[in-house]
file my_file10.csv (CSV, C-alpha atoms and all ligand atoms)
chain,number,residue,atom,x,y,z
A,1,MET,CA,12.3,-104.5,-40.1
A,2,GLU,CA,15.8,-103.3,-39.2
A,3,ARG,CA,15.7,-99.6,-38.4
A,4,PRO,CA,18.6,-97.4,-39.6
A,5,ARG,CA,21.1,-96.6,-36.8
A,6,PHE,CA,22.8,-93.2,-36.8
A,7,ASP,CA,25.5,-91.8,-34.6
A,8,VAL,CA,23.3,-88.7,-34.1
A,9,VAL,CA,19.8,-87.7,-34.9
A,10,VAL,CA,19.5,-84.0,-34.8
A,11,VAL,CA,15.9,-82.8,-34.4
A,12,GLY,CA,15.5,-79.3,-35.8
A,13,ALA,CA,17.2,-77.5,-38.7
A,14,GLY,CA,17.6,-74.0,-37.3
A,15,PRO,CA,21.0,-72.4,-36.8
A,16,ALA,CA,21.7,-74.7,-33.8
A,17,GLY,CA,20.8,-78.0,-35.6
A,18,LEU,CA,22.4,-77.1,-38.9
A,19,SER,CA,25.6,-75.9,-37.2
A,20,ALA,CA,25.8,-79.1,-35.2
A,21,ALA,CA,25.2,-81.2,-38.4
A,22,MET,CA,28.1,-79.5,-40.1
A,23,MET,CA,30.6,-80.3,-37.3
A,24,LEU,CA,29.3,-83.9,-37.1
A,25,GLY,CA,29.7,-84.2,-40.8
A,26,ARG,CA,33.2,-82.9,-40.7
A,27,ALA,CA,34.0,-85.6,-38.1
A,28,GLY,CA,32.4,-88.3,-40.4
A,29,LYS,CA,29.6,-89.1,-38.0
A,30,SER,CA,26.5,-90.5,-39.5
A,31,THR,CA,23.9,-87.8,-38.9
A,32,LEU,CA,20.2,-87.5,-39.7
A,33,VAL,CA,18.7,-84.0,-39.4
A,34,LEU,CA,15.0,-83.9,-39.1
A,35,ASP,CA,13.8,-80.6,-40.5
A,36,GLY,CA,10.4,-79.7,-39.2
A,37,GLY,CA,10.1,-76.4,-41.1
A,38,PRO,CA,10.9,-72.8,-40.5
A,39,GLY,CA,12.4,-71.6,-37.2
A,40,ARG,CA,11.7,-69.0,-34.6
A,41,ASN,CA,12.6,-66.0,-36.8
A,42,ARG,CA,10.3,-67.3,-39.7
A,43,SER,CA,8.4,-64.0,-39.8
A,44,SER,CA,11.5,-61.8,-40.0
A,45,HIS,CA,12.3,-60.1,-43.3
A,46,ALA,CA,16.0,-60.1,-42.5
A,47,MET,CA,18.4,-61.8,-40.0
A,48,HIS,CA,20.8,-59.3,-38.5
A,49,GLY,CA,23.9,-59.5,-36.4
A,50,PHE,CA,25.2,-62.8,-37.9
A,51,LEU,CA,28.6,-62.0,-39.4
A,52,GLY,CA,28.8,-63.0,-43.0
A,53,HIS,CA,25.0,-63.1,-43.2
A,54,ASP,CA,23.9,-59.7,-41.9
A,55,GLY,CA,20.6,-58.9,-43.6
A,56,ALA,CA,20.0,-62.3,-45.2
A,57,THR,CA,16.5,-63.6,-45.1
A,58,PRO,CA,16.1,-66.7,-42.9
A,59,GLU,CA,15.3,-68.7,-46.0
A,60,ALA,CA,18.4,-67.6,-47.9
A,61,PHE,CA,20.5,-68.4,-44.8
A,62,ALA,CA,19.0,-71.9,-44.5
A,63,ALA,CA,19.5,-72.5,-48.3
A,64,ARG,CA,23.1,-71.5,-48.1
A,65,VAL,CA,23.8,-73.8,-45.1
A,66,ARG,CA,22.0,-76.7,-46.7
A,67,SER,CA,24.1,-76.4,-49.8
A,68,GLU,CA,27.3,-76.3,-47.6
A,69,LEU,CA,26.1,-79.4,-45.8
A,70,SER,CA,25.7,-81.3,-49.1
A,71,VAL,CA,29.5,-81.7,-49.2
A,72,TYR,CA,29.4,-84.0,-46.2
A,73,PRO,CA,28.3,-87.6,-47.3
A,74,THR,CA,27.5,-88.8,-43.8
A,75,VAL,CA,24.9,-86.1,-43.2
A,76,SER,CA,21.3,-86.4,-44.5
A,77,LEU,CA,18.4,-84.0,-44.1
A,78,ARG,CA,14.8,-85.2,-44.1
A,79,ALA,CA,11.8,-82.8,-44.2
A,80,GLU,CA,10.1,-84.7,-41.4
A,81,ARG,CA,9.1,-83.9,-37.9
A,82,ALA,CA,10.0,-86.1,-34.9
A,83,SER,CA,6.9,-87.1,-33.0
A,84,GLY,CA,8.5,-88.9,-30.1
A,85,PHE,CA,11.7,-90.5,-28.7
A,86,GLU,CA,12.5,-93.1,-26.1
A,87,ARG,CA,15.4,-95.1,-24.8
A,88,GLU,CA,15.9,-98.5,-26.6
A,89,GLY,CA,18.8,-100.4,-25.0
A,90,SER,CA,21.9,-98.3,-25.4
A,91,ASP,CA,20.3,-96.2,-28.1
A,92,VAL,CA,17.4,-93.7,-28.4
A,93,ARG,CA,14.6,-94.5,-30.8
A,94,VAL,CA,13.2,-91.4,-32.6
A,95,VAL,CA,9.9,-91.6,-34.3
A,96,HIS,CA,9.5,-89.5,-37.4
A,97,GLY,CA,7.5,-89.4,-40.6
A,98,HIS,CA,6.1,-92.9,-41.1
A,99,GLY,CA,8.9,-94.8,-39.3
A,100,SER,CA,11.6,-94.4,-36.8
A,101,SER,CA,15.4,-94.4,-36.5
A,102,ARG,CA,17.8,-95.5,-33.8
A,103,ALA,CA,20.5,-93.1,-32.7
A,104,ARG,CA,23.5,-93.4,-30.3
A,105,ARG,CA,22.8,-89.8,-29.4
A,106,VAL,CA,19.9,-87.4,-30.0
A,107,LEU,CA,20.4,-83.7,-30.2
A,108,LEU,CA,17.3,-81.6,-29.7
A,109,ALA,CA,17.7,-78.3,-31.5
A,110,THR,CA,14.0,-77.6,-31.5
A,111,GLY,CA,14.0,-73.9,-30.5
A,112,MET,CA,11.3,-72.1,-28.7
A,113,ILE,CA,7.7,-71.1,-29.6
A,114,ASP,CA,6.8,-67.5,-29.0
A,115,VAL,CA,3.2,-67.0,-27.7
A,116,LEU,CA,2.4,-63.5,-28.9
A,117,PRO,CA,-0.2,-61.2,-27.2
A,118,LYS,CA,-3.5,-61.2,-29.1
A,119,THR,CA,-3.5,-57.4,-29.6
A,120,PRO,CA,-5.0,-56.8,-33.1
A,121,GLY,CA,-2.2,-55.8,-35.6
A,122,LEU,CA,0.6,-57.2,-33.5
A,123,ALA,CA,1.2,-60.7,-34.9
A,124,GLU,CA,1.4,-59.6,-38.6
A,125,ARG,CA,4.2,-57.1,-37.6
A,126,TRP,CA,6.2,-59.5,-35.5
A,127,GLY,CA,9.7,-59.7,-36.9
A,128,ALA,CA,9.4,-56.3,-38.7
A,129,SER,CA,8.2,-53.3,-36.7
A,130,VAL,CA,7.3,-55.4,-33.6
A,131,PHE,CA,10.2,-57.4,-32.1
A,132,SER,CA,11.8,-58.5,-28.9
A,133,CYS,CA,15.5,-58.0,-29.7
A,134,PRO,CA,16.6,-54.4,-30.5
A,135,TYR,CA,20.1,-55.8,-31.4
A,136,CYS,CA,18.4,-57.8,-34.2
A,137,HIS,CA,16.0,-55.1,-35.5
A,138,GLY,CA,16.7,-51.8,-33.8
A,139,HIS,CA,19.3,-50.3,-36.1
A,140,GLU,CA,16.9,-49.9,-39.0
A,141,LEU,CA,14.5,-47.9,-36.8
A,142,ARG,CA,17.1,-45.8,-35.0
A,143,ASP,CA,15.9,-42.5,-33.6
A,144,ARG,CA,12.2,-43.2,-34.5
A,145,PRO,CA,9.5,-43.1,-31.8
A,146,TRP,CA,9.5,-46.5,-30.0
A,147,GLY,CA,7.2,-48.1,-27.6
A,148,VAL,CA,7.7,-50.9,-25.1
A,149,LEU,CA,4.8,-53.1,-24.1
A,150,ALA,CA,4.8,-54.0,-20.4
A,151,ARG,CA,4.4,-57.7,-20.1
A,152,SER,CA,5.6,-58.1,-16.5
A,153,ARG,CA,7.0,-56.1,-13.6
A,154,ALA,CA,10.5,-56.8,-15.1
A,155,THR,CA,9.8,-54.6,-18.1
A,156,ALA,CA,10.7,-51.3,-16.3
A,157,GLY,CA,14.2,-52.9,-15.6
A,158,TRP,CA,15.2,-53.6,-19.2
A,159,LEU,CA,13.4,-50.7,-21.0
A,160,PRO,CA,16.5,-48.4,-20.6
A,161,THR,CA,18.4,-50.8,-23.0
A,162,CYS,CA,16.3,-49.3,-25.8
A,163,ALA,CA,18.0,-45.9,-25.3
A,164,ALA,CA,20.9,-47.2,-27.4
A,165,TRP,CA,18.6,-46.8,-30.4
A,166,THR,CA,16.2,-44.0,-29.5
A,167,ARG,CA,15.4,-41.5,-26.7
A,168,ASP,CA,11.8,-41.2,-28.0
A,169,LEU,CA,10.3,-43.9,-25.8
A,170,THR,CA,6.8,-44.7,-24.5
A,171,LEU,CA,6.1,-47.4,-22.0
A,172,PHE,CA,2.7,-48.9,-22.7
A,173,LEU,CA,1.4,-50.3,-19.4
A,174,ASP,CA,-1.6,-51.8,-21.3
A,175,GLY,CA,-3.8,-51.5,-18.2
A,176,ARG,CA,-1.3,-53.2,-15.8
A,177,GLN,CA,-1.2,-51.8,-12.3
A,178,ASP,CA,1.6,-53.9,-10.8
A,179,LEU,CA,4.5,-51.7,-11.9
A,180,ASP,CA,5.1,-49.6,-8.8
A,181,THR,CA,5.9,-45.9,-8.6
A,182,ASP,CA,9.5,-46.6,-7.6
A,183,ALA,CA,10.2,-48.5,-10.8
A,184,LEU,CA,8.5,-45.9,-13.0
A,185,ALA,CA,10.1,-42.8,-11.4
A,186,PRO,CA,13.6,-43.2,-13.1
A,187,LEU,CA,11.9,-43.8,-16.4
A,188,ARG,CA,9.9,-40.6,-16.0
A,189,ALA,CA,13.0,-38.7,-15.0
A,190,ALA,CA,14.7,-39.9,-18.3
A,191,HIS,CA,11.7,-38.5,-20.2
A,192,VAL,CA,10.1,-41.9,-21.0
A,193,ARG,CA,6.3,-41.3,-21.5
A,194,ILE,CA,4.1,-43.6,-19.5
A,195,GLU,CA,0.9,-44.6,-21.2
A,196,PRO,CA,-1.3,-46.4,-18.6
A,197,ARG,CA,-4.3,-47.2,-20.9
A,198,ARG,CA,-5.0,-50.6,-22.4
A,199,VAL,CA,-3.6,-51.1,-25.9
A,200,VAL,CA,-6.4,-51.8,-28.4
A,201,SER,CA,-4.6,-52.2,-31.7
A,202,LEU,CA,-1.6,-51.3,-33.9
A,203,SER,CA,-1.7,-49.7,-37.3
A,204,GLY,CA,0.6,-48.7,-40.1
A,205,PRO,CA,1.3,-49.5,-43.8
A,206,GLY,CA,2.0,-53.2,-44.5
A,207,ARG,CA,4.1,-54.6,-41.7
A,208,GLY,CA,5.2,-51.1,-40.7
A,209,LEU,CA,3.9,-49.4,-37.6
A,210,LEU,CA,2.8,-45.8,-37.2
A,211,ALA,CA,0.5,-45.7,-34.2
A,212,VAL,CA,-0.5,-47.6,-31.2
A,213,HIS,CA,-4.2,-47.1,-30.4
A,214,VAL,CA,-5.2,-47.1,-26.8
A,215,GLU,CA,-8.5,-47.3,-25.0
A,216,GLY,CA,-10.5,-44.1,-25.2
A,217,GLY,CA,-9.6,-43.5,-28.9
A,218,ALA,CA,-6.2,-41.9,-28.6
A,219,ASP,CA,-3.4,-42.7,-31.1
A,220,VAL,CA,0.2,-42.7,-29.8
A,221,PRO,CA,2.8,-42.2,-32.5
A,222,CYS,CA,5.1,-45.3,-32.5
A,223,GLU,CA,7.2,-46.9,-35.3
A,224,ALA,CA,8.7,-49.8,-33.3
A,225,LEU,CA,7.2,-51.8,-30.5
A,226,VAL,CA,9.4,-53.9,-28.3
A,227,VAL,CA,7.6,-56.9,-26.8
A,228,HIS,CA,9.0,-59.8,-24.8
A,229,PRO,CA,6.3,-62.5,-25.4
A,230,ALA,CA,5.8,-65.6,-23.4
A,231,HIS,CA,7.4,-68.7,-24.9
A,232,ARG,CA,7.2,-72.4,-24.6
A,233,GLN,CA,8.9,-75.6,-25.7
A,234,SER,CA,7.8,-77.6,-28.8
A,235,ASP,CA,5.1,-80.2,-28.4
A,236,LEU,CA,7.8,-82.9,-28.9
A,237,VAL,CA,9.7,-81.8,-25.8
A,238,LEU,CA,6.5,-81.2,-23.7
A,239,PHE,CA,5.1,-84.7,-24.6
A,240,ALA,CA,8.5,-86.4,-23.8
A,241,GLY,CA,8.2,-85.0,-20.3
A,242,LEU,CA,11.8,-83.7,-20.1
A,243,ALA,CA,12.7,-81.7,-17.0
A,244,LEU,CA,12.5,-77.9,-17.6
A,245,ASP,CA,14.1,-75.2,-15.6
A,246,GLY,CA,12.3,-72.2,-14.0
A,247,GLU,CA,12.5,-70.3,-17.3
A,248,GLY,CA,10.9,-73.1,-19.4
A,249,ALA,CA,14.2,-74.1,-21.0
A,250,ILE,CA,15.2,-77.8,-21.1
A,251,ALA,CA,17.2,-78.5,-18.0
A,252,VAL,CA,20.6,-79.8,-18.9
A,253,SER,CA,23.8,-81.1,-17.1
A,254,ALA,CA,27.1,-79.4,-17.6
A,255,ASP,CA,27.5,-81.6,-20.8
A,256,ARG,CA,24.1,-80.3,-22.0
A,257,GLU,CA,22.5,-83.7,-21.5
A,258,SER,CA,18.8,-83.5,-20.8
A,259,SER,CA,16.9,-85.5,-18.1
A,260,MET,CA,16.8,-88.4,-20.6
A,261,ARG,CA,20.2,-90.2,-21.0
A,262,GLY,CA,21.6,-89.8,-24.5
A,263,VAL,CA,19.4,-86.9,-25.4
A,264,PHE,CA,21.3,-83.6,-25.6
A,265,VAL,CA,20.1,-80.0,-26.2
A,266,ALA,CA,21.4,-77.0,-28.2
A,267,GLY,CA,20.2,-73.5,-29.0
A,268,ASP,CA,17.2,-71.6,-27.8
A,269,ALA,CA,15.6,-74.7,-26.4
A,270,ARG,CA,18.1,-74.7,-23.5
A,271,GLY,CA,18.1,-71.0,-22.8
A,272,ALA,CA,16.9,-67.6,-23.7
A,273,ARG,CA,19.9,-66.1,-25.4
A,274,ALA,CA,17.7,-66.0,-28.6
A,275,LYS,CA,20.4,-65.0,-31.1
A,276,ALA,CA,20.9,-67.0,-34.2
A,277,ILE,CA,24.7,-66.7,-33.9
A,278,SER,CA,24.6,-67.9,-30.3
A,279,ALA,CA,22.4,-70.8,-31.3
A,280,ALA,CA,24.8,-71.7,-34.1
A,281,ALA,CA,27.8,-71.5,-31.7
A,282,ASP,CA,26.0,-73.7,-29.2
A,283,GLY,CA,25.2,-76.3,-31.9
A,284,ALA,CA,28.9,-76.4,-33.0
A,285,GLU,CA,30.2,-76.8,-29.4
A,286,ILE,CA,27.8,-79.6,-28.4
A,287,ALA,CA,28.5,-81.4,-31.8
A,288,VAL,CA,32.2,-81.4,-31.0
A,289,PHE,CA,31.5,-82.9,-27.6
A,290,LEU,CA,29.2,-85.6,-29.1
A,291,ALA,CA,31.6,-86.4,-31.9
A,292,GLU,CA,34.5,-86.8,-29.4
A,293,SER,CA,32.5,-89.0,-27.0
A,294,LEU,CA,31.4,-91.2,-30.0
A,295,THR,CA,35.0,-91.5,-31.3
A,296,LEU,CA,36.4,-92.4,-27.9
A,297,GLU,CA,33.6,-95.0,-27.4
A,298,ASP,CA,34.6,-96.6,-30.7
A,299,PHE,CA,38.3,-96.3,-30.0
A,300,ALA,CA,38.1,-98.2,-26.7
B,401,LIG,C1,10.8,-62.5,-35.0
B,401,LIG,C2,12.2,-62.9,-34.6
B,401,LIG,C3,13.3,-62.3,-35.3
B,401,LIG,C4,14.6,-62.7,-35.0
B,401,LIG,N1,15.6,-62.0,-35.6
B,401,LIG,C5,16.9,-62.4,-35.3
B,401,LIG,C6,18.0,-61.7,-35.9
B,401,LIG,O1,17.8,-60.8,-36.8
B,401,LIG,N2,19.2,-62.1,-35.6
B,401,LIG,C7,19.5,-63.1,-34.7
B,401,LIG,O2,20.6,-63.4,-34.4
B,401,LIG,N3,18.5,-63.7,-34.1
B,401,LIG,C8,17.2,-63.4,-34.4
B,401,LIG,N4,16.1,-64.0,-33.7
B,401,LIG,C9,16.4,-65.1,-32.8
B,401,LIG,C10,16.8,-66.4,-33.6
B,401,LIG,O3,15.7,-66.6,-34.5
B,401,LIG,C11,16.9,-67.6,-32.7
B,401,LIG,O4,17.8,-67.3,-31.6
B,401,LIG,C12,17.4,-68.8,-33.4
B,401,LIG,O5,16.5,-69.1,-34.5
B,401,LIG,C13,17.5,-70.0,-32.5
B,401,LIG,O6,18.0,-71.0,-33.3
B,401,LIG,P1,17.6,-72.6,-32.9
B,401,LIG,O7,18.3,-73.4,-33.9
B,401,LIG,O8,17.9,-72.8,-31.5
B,401,LIG,O9,16.0,-72.6,-33.0
B,401,LIG,P2,15.1,-72.3,-34.3
B,401,LIG,O10,15.7,-71.4,-35.3
B,401,LIG,O11,13.8,-71.9,-33.8
B,401,LIG,O12,15.0,-73.7,-35.0
B,401,LIG,C14,14.3,-74.8,-34.4
B,401,LIG,C15,13.8,-75.7,-35.5
B,401,LIG,O13,13.3,-77.0,-34.9
B,401,LIG,C16,12.2,-77.4,-35.6
B,401,LIG,N5,11.4,-78.3,-34.8
B,401,LIG,C17,10.7,-78.1,-33.7
B,401,LIG,N6,10.1,-79.2,-33.3
B,401,LIG,C18,10.5,-80.2,-34.2
B,401,LIG,C19,10.2,-81.6,-34.4
B,401,LIG,N7,9.3,-82.2,-33.5
B,401,LIG,N8,10.7,-82.3,-35.4
B,401,LIG,C20,11.5,-81.6,-36.3
B,401,LIG,N9,11.8,-80.3,-36.2
B,401,LIG,C21,11.3,-79.6,-35.2
B,401,LIG,C22,11.5,-76.1,-35.9
B,401,LIG,O14,10.6,-76.2,-37.0
B,401,LIG,C23,12.7,-75.2,-36.3
B,401,LIG,O15,13.0,-75.3,-37.6
B,401,LIG,C24,14.8,-63.7,-34.0
B,401,LIG,C25,13.8,-64.3,-33.3
B,401,LIG,C26,12.5,-63.9,-33.6
B,401,LIG,C27,11.3,-64.5,-32.9
call {"tool": "encode", "arguments": {"input": "my_file10.csv", "output": "structure tokens", "more": "lines below"}}
Ligand SMILES: Cc1cc2nc3c(=O)[nH]c(=O)nc-3n(C[C@H](O)[C@H](O)[C@H](O)COP(=O)(O)OP(=O)(O)OC[C@H]3O[C@@H](n4cnc5c(N)ncnc54)[C@H](O)[C@@H]3O)c2cc1C
result
Amino acid sequence: MERPRFDVVVVGAGPAGLSAAMMLGRAGKSTLVLDGGPGRNRSSHAMHGFLGHDGATPEAFAARVRSELSVYPTVSLRAERASGFEREGSDVRVVHGHGSSRARRVLLATGMIDVLPKTPGLAERWGASVFSCPYCHGHELRDRPWGVLARSRATAGWLPTCAAWTRDLTLFLDGRQDLDTDALAPLRAAHVRIEPRRVVSLSGPGRGLLAVHVEGGADVPCEALVVHPAHRQSDLVLFAGLALDGEGAIAVSADRESSMRGVFVAGDARGARAKAISAAADGAEIAVFLAESLTLEDFA
């Protein structure tokens, strides 16, 4: 059976993939967007810092963009996940749903998967009172008592960033012993409290936070907890065996082409900027590059 052939198959319908689809649609390129479900900020009650959409829920944002995309007849969205892709002649074959499609180019906009610490009470507050990006969620909790959970030696380096939102700061070492005295001294001098004990659980009403419970039964008042969790690529990217860089992002050339020819990358999957507006800008830029390369190929 003849498989459909698209100019571009976009895998992932987050800000990067949807923004790319819009530019490709405006250039009249036949584009299939494979929408594998909610994105990285799925647990967030509001998306902040995206001009024109500040405070929108991720669902409302996606619905608005989908309706805007419906204007472009060459763009179609399918609620299917890609399960693999491989080179097929000059094209790339993408397996999805119960079939597959051929594409002259593939754009992976598959985001990143956060791997949260298993601390009881943390996962259900992720995207509300527990977050990684104070620019996204800090303003609403300004001047409240904040905590920062030490996840690596680097934590002491970025903690001062939080002083833009509050000076009431506690660093939870969570039993870690590898943050040396030299790194902690400037924090102590700036009146950051250092809590060395292991964090046992978090509590507060609903998805809000009031206290961090530490080993030994003590409760530390805390209304926002900043955590930089580990993150990983989607299974699709891992199974495809694409080259990754030292940070776990998909390694790309200057043209954002991955280690597989014809497979390009946009958004969080190729770096840790982790802002919806940055991902959308990235998607738009790479879409223009892809559209131009396809137009020139057909013009020749
Ligand atoms: C809790 C939280 C809150 C955040 N809040 C904000 C905020 O307020 N403001 C802000 O600017 N940024 C925020 N961010 C960051 C923002 O969510 C990301 O930077 C942005 O979503 C990245 O966009 P993306 O399109 O690259 O990836 P994503 O939005 O993660 O989208 C990737 C998409 O690819 C899909 N996918 C993966 N594999 C497949 C497959 N095999 N087939 C089909 N589809 C697939 C996924 O289902 C997903 O829909 C937040 C992040 C988190 C974790």
call {"tool": "residues_around", "arguments": {"input": "my_file10.csv", "residues": "Pro229 in chain A", "least_positions_apart": "6", "cutoff": "7 Å", "atoms": "all atoms listed in the file", "output": "count of residues only"}}
result
4
call {"tool": "closest_residue", "arguments": {"input": "my_file10.csv", "among": "A:Val199, A:Ala224, A:Met112, A:Leu209", "to": "ligand LIG 401 (chain B)", "atoms": "only C-alpha atoms and all ligand atoms"}}
result
A:Met112
call {"tool": "residues_near_ligand", "arguments": {"input": "my_file10.csv", "ligand": "ligand LIG 401 (chain B)", "cutoff": "7 Å", "atoms": "only C-alpha atoms and all ligand atoms", "output": "VMD selection string"}}
result
chain A and resid 11 to 17 34 to 44 46 to 50 80 to 83 109 to 112 114 126 to 127 131 136 to 137 234 to 236 266 to 269 273 to 280
call {"tool": "closest_residue", "arguments": {"input": "my_file10.csv", "among": "A:Ala56, A:Ser19, A:Arg3, A:Gln177", "to": "Gly99 in chain A", "atoms": "only C-alpha atoms"}}
result
A:Arg3
call {"tool": "residues_near_point", "arguments": {"input": "my_file10.csv", "point": "(19.4, -91.3, -24.5)", "cutoff": "12 Å", "atoms": "only C-alpha atoms", "output": "MDAnalysis selection string"}}
result
chainID A and resid 7:9 85:94 102:108 240 242 257:265
call {"tool": "residues_around", "arguments": {"input": "my_file10.csv", "residues": "Ala190 in chain A", "least_positions_apart": "2", "cutoff": "10 Å", "atoms": "all atoms listed in the file", "output": "compact mmCIF listing (two decimals) with C-alpha atoms, in the coordinates of the input"}}
result
# COMPACT_ATOMS: atom_id res chain seq x y z
CA PRO A 160 16.50 -48.40 -20.60
CA ALA A 163 18.00 -45.90 -25.30
CA ARG A 167 15.40 -41.50 -26.70
CA LEU A 169 10.30 -43.90 -25.80
CA ALA A 185 10.10 -42.80 -11.40
CA PRO A 186 13.60 -43.20 -13.10
CA LEU A 187 11.90 -43.80 -16.40
CA ARG A 188 9.90 -40.60 -16.00
CA VAL A 192 10.10 -41.90 -21.00
CA ARG A 193 6.30 -41.30 -21.50
call {"tool": "atom_distance", "arguments": {"input": "my_file10.csv", "atom1": "CA of Ala218 in chain A", "atom2": "CA of Phe172 in chain A"}}
result
12.8 Å
call {"tool": "closest_residue", "arguments": {"input": "my_file10.csv", "among": "A:Cys162, A:Arg5, A:Tyr72, A:Tyr135", "to": "Asp54 in chain A", "atoms": "all atoms listed in the file"}}
result
A:Tyr135
call {"tool": "closest_residue", "arguments": {"input": "my_file10.csv", "among": "A:Ser203, A:Ser100, A:Thr74, A:Ser293", "to": "Glu223 in chain A", "atoms": "only C-alpha atoms"}}
result
A:Ser203
call {"tool": "closest_residue", "arguments": {"input": "my_file10.csv", "among": "A:Ile286, A:Asp298, A:Pro221, A:Glu124", "to": "Trp146 in chain A", "atoms": "all atoms listed in the file"}}
result
A:Pro221
call {"tool": "build_atoms", "arguments": {"input": "my_file10.csv", "residues": "range 11-25 of chain A", "atoms": "N, CA and C atoms", "output": "mmCIF file, in the frame of the given file"}}
result
data_model
loop_
_atom_site.group_PDB
_atom_site.id
_atom_site.type_symbol
_atom_site.label_atom_id
_atom_site.label_comp_id
_atom_site.auth_asym_id
_atom_site.auth_seq_id
_atom_site.Cartn_x
_atom_site.Cartn_y
_atom_site.Cartn_z
ATOM 1 N N VAL A 11 17.324 -83.149 -34.126
ATOM 2 C CA VAL A 11 15.900 -82.800 -34.400
ATOM 3 C C VAL A 11 15.866 -81.240 -34.414
ATOM 4 N N GLY A 12 15.543 -80.722 -35.606
ATOM 5 C CA GLY A 12 15.500 -79.300 -35.800
ATOM 6 C C GLY A 12 16.561 -78.761 -36.691
ATOM 7 N N ALA A 13 16.174 -78.009 -37.721
ATOM 8 C CA ALA A 13 17.200 -77.500 -38.700
ATOM 9 C C ALA A 13 17.231 -75.997 -38.686
ATOM 10 N N GLY A 14 17.274 -75.423 -37.485
ATOM 11 C CA GLY A 14 17.600 -74.000 -37.300
ATOM 12 C C GLY A 14 19.076 -73.828 -37.233
ATOM 13 N N PRO A 15 19.544 -72.635 -36.862
ATOM 14 C CA PRO A 15 21.000 -72.400 -36.800
ATOM 15 C C PRO A 15 21.693 -73.412 -35.839
ATOM 16 N N ALA A 16 21.071 -73.789 -34.729
ATOM 17 C CA ALA A 16 21.700 -74.700 -33.800
ATOM 18 C C ALA A 16 21.871 -76.110 -34.426
ATOM 19 N N GLY A 17 20.774 -76.623 -35.001
ATOM 20 C CA GLY A 17 20.800 -78.000 -35.600
ATOM 21 C C GLY A 17 21.694 -78.072 -36.786
ATOM 22 N N LEU A 18 21.628 -77.068 -37.666
ATOM 23 C CA LEU A 18 22.400 -77.100 -38.900
ATOM 24 C C LEU A 18 23.922 -76.965 -38.585
ATOM 25 N N SER A 19 24.234 -76.123 -37.623
ATOM 26 C CA SER A 19 25.600 -75.900 -37.200
ATOM 27 C C SER A 19 26.187 -77.225 -36.618
ATOM 28 N N ALA A 20 25.370 -77.874 -35.796
ATOM 29 C CA ALA A 20 25.800 -79.100 -35.200
ATOM 30 C C ALA A 20 26.015 -80.183 -36.300
ATOM 31 N N ALA A 21 25.104 -80.217 -37.279
ATOM 32 C CA ALA A 21 25.200 -81.200 -38.400
ATOM 33 C C ALA A 21 26.517 -81.003 -39.132
ATOM 34 N N MET A 22 26.906 -79.737 -39.325
ATOM 35 C CA MET A 22 28.100 -79.500 -40.100
ATOM 36 C C MET A 22 29.352 -80.049 -39.335
ATOM 37 N N MET A 23 29.437 -79.802 -38.043
ATOM 38 C CA MET A 23 30.600 -80.300 -37.300
ATOM 39 C C MET A 23 30.570 -81.844 -37.237
ATOM 40 N N LEU A 24 29.373 -82.420 -37.094
ATOM 41 C CA LEU A 24 29.300 -83.900 -37.100
ATOM 42 C C LEU A 24 29.689 -84.460 -38.411
ATOM 43 N N GLY A 25 29.285 -83.788 -39.492
ATOM 44 C CA GLY A 25 29.700 -84.200 -40.800
ATOM 45 C C GLY A 25 31.178 -84.145 -41.025
#
